[in-house]
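Have a look at target.pdb below; it lists PDB, C-alpha atoms.
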ATOM      1  CA  MET A   1     -91.113  86.198  42.698
ATOM      2  CA  ILE A   2     -92.934  83.268  41.058
ATOM      3  CA  ILE A   3     -95.898  85.424  40.071
ATOM      4  CA  CYS A   4     -93.607  87.587  37.956
ATOM      5  CA  LYS A   5     -93.020  84.637  35.616
ATOM      6  CA  PHE A   6     -96.642  84.566  34.449
ATOM      7  CA  PRO A   7     -97.886  86.396  31.342
ATOM      8  CA  LEU A   8     -98.913  90.029  31.838
ATOM      9  CA  SER A   9     -96.748  90.136  34.980
ATOM     10  CA  SER A  10     -95.169  93.309  33.638
ATOM     11  CA  HIS A  11     -98.359  95.118  34.656
ATOM     12  CA  ILE A  12     -97.799  94.169  38.292
ATOM     13  CA  PRO A  13     -95.852  96.927  40.126
ATOM     14  CA  LEU A  14     -93.996  94.428  42.328
ATOM     15  CA  CYS A  15     -92.512  92.789  39.241
ATOM     16  CA  HIS A  16     -90.906  95.949  37.918
ATOM     17  CA  ALA A  17     -87.119  95.711  38.227
ATOM     18  CA  PRO A  18     -85.568  98.979  39.414
ATOM     19  CA  ILE A  19     -82.991 100.681  37.220
ATOM     20  CA  PRO A  20     -79.574  99.966  38.765
ATOM     21  CA  ASP A  21     -77.611 102.843  40.218
ATOM     22  CA  PHE A  22     -74.749 103.045  37.740
ATOM     23  CA  SER A  23     -73.032 105.653  39.889
ATOM     24  CA  ARG A  24     -71.963 102.742  42.120
ATOM     25  CA  LEU A  25     -70.417 101.081  39.089
ATOM     26  CA  VAL A  26     -68.499 104.257  38.305
ATOM     27  CA  ASP A  27     -67.374 104.598  41.933
ATOM     28  CA  ARG A  28     -66.121 101.016  41.877
ATOM     29  CA  GLN A  29     -64.238 101.649  38.663
ATOM     30  CA  VAL A  30     -62.641 104.774  40.116
ATOM     31  CA  GLU A  31     -61.595 102.799  43.193
ATOM     32  CA  THR A  32     -60.097 100.068  41.018
ATOM     33  CA  TYR A  33     -58.297 102.609  38.842
ATOM     34  CA  GLU A  34     -56.840 104.370  41.896
ATOM     35  CA  GLN A  35     -55.558 101.091  43.321
ATOM     36  CA  ILE A  36     -53.986 100.234  39.986
ATOM     37  CA  MET A  37     -52.246 103.598  39.852
ATOM     38  CA  ASP A  38     -51.085 103.288  43.469
ATOM     39  CA  GLN A  39     -49.508  99.925  42.714
ATOM     40  CA  GLN A  40     -47.888 101.259  39.568
ATOM     41  CA  LEU A  41     -46.300 104.111  41.508
ATOM     42  CA  SER A  42     -45.333 101.864  44.434
ATOM     43  CA  TYR A  43     -43.638  99.167  42.400
ATOM     44  CA  ASN A  44     -42.569 100.773  39.163
ATOM     45  CA  GLY A  45     -41.967 104.396  40.054
ATOM     46  CA  PRO A  46     -42.667 107.280  37.714
ATOM     47  CA  SER A  47     -40.462 105.840  34.977
ATOM     48  CA  SER A  48     -41.876 102.298  35.225
ATOM     49  CA  SER A  49     -38.313 100.971  35.057
ATOM     50  CA  LEU A  50     -37.977  98.927  38.244
ATOM     51  CA  ALA A  51     -38.170  95.608  36.395
ATOM     52  CA  LEU A  52     -35.395  96.751  34.050
ATOM     53  CA  ASP A  53     -33.275  98.007  36.961
ATOM     54  CA  ILE A  54     -33.603  94.663  38.722
ATOM     55  CA  LYS A  55     -32.608  92.849  35.529
ATOM     56  CA  LYS A  56     -29.485  95.004  35.295
ATOM     57  CA  ALA A  57     -28.695  94.267  38.949
ATOM     58  CA  GLU A  58     -29.177  90.554  38.295
ATOM     59  CA  LEU A  59     -26.680  90.550  35.416
ATOM     60  CA  ALA A  60     -24.136  92.699  37.265
ATOM     61  CA  THR A  61     -24.384  90.509  40.368
ATOM     62  CA  ALA A  62     -23.860  87.374  38.290
ATOM     63  CA  ASP A  63     -20.578  88.832  36.988
ATOM     64  CA  LEU A  64     -19.531  89.883  40.484
ATOM     65  CA  ARG A  65     -20.303  86.410  41.819
ATOM     66  CA  THR A  66     -17.857  84.857  39.349
ATOM     67  CA  LEU A  67     -15.077  87.234  40.394
ATOM     68  CA  ILE A  68     -15.663  86.616  44.095
ATOM     69  CA  LYS A  69     -15.933  82.857  43.695
ATOM     70  CA  TYR A  70     -12.346  82.615  42.441
ATOM     71  CA  SER A  71     -10.934  85.322  44.697
ATOM     72  CA  SER A  72      -8.790  84.938  47.808
ATOM     73  CA  LEU A  73     -11.360  86.523  50.092
ATOM     74  CA  VAL A  74     -11.886  84.725  53.384
ATOM     75  CA  THR A  75     -15.657  84.694  52.882
ATOM     76  CA  ALA A  76     -15.481  84.081  49.129
ATOM     77  CA  SER A  77     -17.502  80.860  49.236
ATOM     78  CA  GLU A  78     -20.253  82.264  51.455
ATOM     79  CA  LEU A  79     -20.439  85.512  49.507
ATOM     80  CA  ALA A  80     -20.664  83.620  46.220
ATOM     81  CA  ASN A  81     -23.490  81.468  47.596
ATOM     82  CA  ARG A  82     -25.443  84.484  48.799
ATOM     83  CA  LEU A  83     -24.939  86.267  45.509
ATOM     84  CA  THR A  84     -26.224  83.176  43.702
ATOM     85  CA  LEU A  85     -29.378  83.266  45.818
ATOM     86  CA  PHE A  86     -29.714  86.978  45.092
ATOM     87  CA  VAL A  87     -29.420  86.414  41.334
ATOM     88  CA  ASP A  88     -32.086  83.701  41.435
ATOM     89  CA  LYS A  89     -34.402  85.859  43.537
ATOM     90  CA  ALA A  90     -33.848  88.910  41.331
ATOM     91  CA  ARG A  91     -34.879  86.845  38.326
ATOM     92  CA  SER A  92     -38.042  85.782  40.164
ATOM     93  CA  VAL A  93     -38.813  89.360  41.223
ATOM     94  CA  GLY A  94     -38.427  90.512  37.631
ATOM     95  CA  ARG A  95     -41.035  87.978  36.552
ATOM     96  CA  ASP A  96     -43.389  89.084  39.342
ATOM     97  CA  LEU A  97     -43.096  92.710  38.265
ATOM     98  CA  GLN A  98     -43.750  91.804  34.646
ATOM     99  CA  ILE A  99     -46.872  89.916  35.726
ATOM    100  CA  LEU A 100     -47.960  92.948  37.744
ATOM    101  CA  GLN A 101     -47.478  95.253  34.775
ATOM    102  CA  ALA A 102     -49.402  92.902  32.481
ATOM    103  CA  ARG A 103     -52.191  92.553  35.050
ATOM    104  CA  THR A 104     -52.361  96.341  35.373
ATOM    105  CA  ARG A 105     -52.688  96.874  31.638
ATOM    106  CA  ARG A 106     -55.342  94.176  31.414
ATOM    107  CA  SER A 107     -57.347  95.693  34.269
ATOM    108  CA  LEU A 108     -57.298  99.119  32.658
ATOM    109  CA  ASN A 109     -58.438  97.626  29.358
ATOM    110  CA  ASN A 110     -61.184  95.755  31.196
ATOM    111  CA  LEU A 111     -62.457  98.990  32.749
ATOM    112  CA  ILE A 112     -62.844 100.468  29.279
ATOM    113  CA  THR A 113     -64.682  97.350  28.111
ATOM    114  CA  TYR A 114     -67.034  97.419  31.108
ATOM    115  CA  ASN A 115     -67.895 101.043  30.366
ATOM    116  CA  ILE A 116     -68.683 100.219  26.747
ATOM    117  CA  PHE A 117     -71.025  97.418  27.800
ATOM    118  CA  ALA A 118     -72.654  99.619  30.449
ATOM    119  CA  LEU A 119     -73.379 102.364  27.933
ATOM    120  CA  LYS A 120     -74.713  99.817  25.443
ATOM    121  CA  ALA A 121     -77.012  98.325  28.082
ATOM    122  CA  LEU A 122     -78.359 101.765  28.987
ATOM    123  CA  GLU A 123     -79.012 102.524  25.324
ATOM    124  CA  ASP A 124     -80.813  99.198  24.903
ATOM    125  CA  VAL A 125     -83.085  99.991  27.849
ATOM    126  CA  ARG A 126     -83.814 103.414  26.433
ATOM    127  CA  ASP A 127     -84.646 101.862  23.059
ATOM    128  CA  LYS A 128     -86.668  99.147  24.830
ATOM    129  CA  LYS A 129     -84.451  96.400  23.404
ATOM    130  CA  ILE A 130     -83.952  94.945  26.875
ATOM    131  CA  SER A 131     -85.922  95.174  30.085
ATOM    132  CA  ALA A 132     -84.925  96.864  33.302
ATOM    133  CA  LYS A 133     -84.536  93.405  34.795
ATOM    134  CA  GLU A 134     -82.029  92.443  32.116
ATOM    135  CA  LEU A 135     -80.213  95.705  32.726
ATOM    136  CA  ALA A 136     -80.013  94.872  36.424
ATOM    137  CA  GLY A 137     -78.517  91.500  35.536
ATOM    138  CA  ALA A 138     -75.906  93.127  33.305
ATOM    139  CA  TYR A 139     -75.114  95.620  36.052
ATOM    140  CA  ASN A 140     -74.596  92.888  38.652
ATOM    141  CA  GLN A 141     -72.393  90.967  36.247
ATOM    142  CA  MET A 142     -70.171  93.992  35.619
ATOM    143  CA  MET A 143     -69.893  94.711  39.336
ATOM    144  CA  SER A 144     -68.814  91.104  39.866
ATOM    145  CA  LEU A 145     -66.223  91.338  37.088
ATOM    146  CA  ILE A 146     -64.760  94.527  38.559
ATOM    147  CA  GLU A 147     -64.649  92.908  42.002
ATOM    148  CA  ASN A 148     -62.786  89.883  40.637
ATOM    149  CA  ASP A 149     -60.405  92.128  38.719
ATOM    150  CA  LEU A 150     -59.602  94.044  41.879
ATOM    151  CA  LYS A 151     -59.006  90.864  43.876
ATOM    152  CA  ARG A 152     -56.588  89.563  41.257
ATOM    153  CA  MET A 153     -54.754  92.885  41.244
ATOM    154  CA  ILE A 154     -54.377  92.763  45.025
ATOM    155  CA  LEU A 155     -53.009  89.205  44.948
ATOM    156  CA  VAL A 156     -50.502  89.981  42.200
ATOM    157  CA  GLY A 157     -49.458  93.166  43.983
ATOM    158  CA  GLN A 158     -48.940  91.321  47.257
ATOM    159  CA  ASP A 159     -46.776  88.725  45.506
ATOM    160  CA  ALA A 160     -44.606  91.449  43.986
ATOM    161  CA  LEU A 161     -44.325  93.277  47.304
ATOM    162  CA  GLY A 162     -43.326  90.082  49.112
ATOM    163  CA  SER A 163     -40.675  89.315  46.504
ATOM    164  CA  LEU A 164     -39.213  92.808  46.786
ATOM    165  CA  ALA A 165     -39.086  92.493  50.583
ATOM    166  CA  ASP A 166     -37.228  89.169  50.289
ATOM    167  CA  LEU A 167     -34.760  90.715  47.858
ATOM    168  CA  ASP A 168     -34.163  93.590  50.247
ATOM    169  CA  GLU A 169     -33.403  91.178  53.101
ATOM    170  CA  MET A 170     -30.899  89.364  50.898
ATOM    171  CA  LEU A 171     -29.167  92.640  50.106
ATOM    172  CA  ILE A 172     -28.869  93.436  53.805
ATOM    173  CA  ALA A 173     -27.313  90.021  54.499
ATOM    174  CA  ILE A 174     -24.837  90.443  51.627
ATOM    175  CA  HIS A 175     -23.935  93.929  52.836
ATOM    176  CA  ASP A 176     -23.298  92.644  56.367
ATOM    177  CA  LEU A 177     -21.029  89.874  55.117
ATOM    178  CA  ALA A 178     -19.154  92.250  52.809
ATOM    179  CA  THR A 179     -18.678  94.676  55.711
ATOM    180  CA  HIS A 180     -17.129  91.939  57.864
ATOM    181  CA  GLU A 181     -14.862  90.933  54.994
ATOM    182  CA  SER A 182     -13.791  94.539  54.469
ATOM    183  CA  ALA A 183     -13.004  94.963  58.167
ATOM    184  CA  TYR A 184     -10.953  91.764  58.154
ATOM    185  CA  GLN A 185      -9.039  92.789  55.027
ATOM    186  CA  ASN A 186      -8.273  96.211  56.510
ATOM    187  CA  LYS A 187      -7.001  94.565  59.682
ATOM    188  CA  GLU A 188      -4.778  92.209  57.695
ATOM    189  CA  LEU A 189      -3.519  95.102  55.585
ATOM    190  CA  ASN A 190      -2.555  97.053  58.693
ATOM    191  CA  LYS A 191      -0.710  94.010  60.042
ATOM    192  CA  LEU A 192       1.131  93.621  56.736
ATOM    193  CA  LEU A 193       2.116  97.281  56.670
ATOM    194  CA  ALA A 194       3.349  97.035  60.260
ATOM    195  CA  GLU A 195       5.477  94.002  59.391
ATOM    196  CA  LEU A 196       6.924  95.740  56.346
ATOM    197  CA  TRP A 197       7.653  98.782  58.466
ATOM    198  CA  THR A 198       9.542  96.577  60.896
ATOM    199  CA  ILE A 199      11.433  94.750  58.134
ATOM    200  CA  PHE A 200      12.646  97.999  56.647
ATOM    201  CA  GLY A 201      13.773  99.278  60.015
ATOM    202  CA  GLY A 202      10.954 101.629  60.737
ATOM    203  CA  ASN A 203      10.941 100.666  64.426
ATOM    204  CA  ARG A 204      14.669 101.322  65.004
TER     205      ARG A 204
END
Is it possible to give me this structure as structure tokens?
Amino acid sequence: MIICKFPLSSHIPLCHAPIPDFSRLVDRQVETYEQIMDQQLSYNGPSSSLALDIKKAELATADLRTLIKYSSLVTASELANRLTLFVDKARSVGRDLQILQARTRRSLNNLITYNIFALKALEDVRDKKISAKELAGAYNQMMSLIENDLKRMILVGQDALGSLADLDEMLIAIHDLATHESAYQNKELNKLLAELWTIFGGNR
């Protein structure tokens, strides 16, 4: 209100800023913390080792790709290509998970910082160092920061989840191709054994 900008406006009841409800701030922090923990458990597991496991899979797959590339398998070329795509995607997923972990740690640190500022603002109001209006401004700012933090966490989490889903689809495709190759090799092996059996007089 314009009238609240004039001198002595503090004596006007309408110009008194209400003390913000900091319980809402706490509730928002709890919600943010729970989402962070949910994402940690979803992507990293209890041991927080998913990124490391994917890195190991990436290195092992790279070695396997080399062996398959120079093998006599019928689908060697296609398998090698798909394994190359898997290695590249695994590397990308590893980066996404590292970003998620870093974002999680930063968000948790931010929650601690917001609490420190909230307590300081409440102390300043109690000691009459700042007004209730200034406290309300600080409160709104912290709520906005928490909201932005949560949005960033959601975006990073969605990126990591999408990358993991893509990696899973690649694994399914590789498994299907390997299954077909295995079936073909077994068929050829049976034919070879039958021919050897015939050569050595097994059918006489």
Box for range 132-136 of chain A - axis-aligned, 4 Å on each of the six sides, all listed atoms - centre and size in Å to one decimal, as JSON.
{"center_x": -82.5, "center_y": 94.7, "center_z": 34.3, "size_x": 12.9, "size_y": 12.4, "size_z": 12.3}
Practice task
Run through the PyMOL selection byres ((chain A and resi 169-177) around 8) on the given coordinates and return the selected residues as an NGL selection string.
Solution key: :A and (75 or 79 or 82-83 or 86 or 165-168 or 178-181)
Practice task
Go through A:Arg152, A:Arg91, A:Lys129, A:Lys120 and flag the residue nearest Glu58 in chain A, using only C-alpha atoms for the distances.
Solution key: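 Of A:Arg152, A:Arg91, A:Lys129, A:Lys120, the one nearest Glu58 in chain A is A:Arg91, counting only C-alpha atoms.
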Exercise for the section: Using only C-alpha atoms, find the one residue out of A:Ala51, A:Ala62, A:Ala136, A:Leu73 that sits nearest to Tyr184 in chain A. Expected result: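 Under the stated criterion, the closest residue is A:Leu73.
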Practice task
Between CA of Ile68 in chain A and CA of Leu164 in chain A, measure the distance and give it in Å to one decimal.
Solution key: 24.5 Å
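Closest approach to Leu155 in chain A among A:Thr104, A:Ser71, A:Ser92, A:Asn186: A:Thr104, based on all atoms listed in the file.
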Exercise for the section: Using CA of Ser72 in chain A and CA of Ala194 in chain A as the two end points, give the distance in Å to one decimal. Expected result: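 Separating CA of Ser72 in chain A from CA of Ala194 in chain A is a distance of 21.2 Å.
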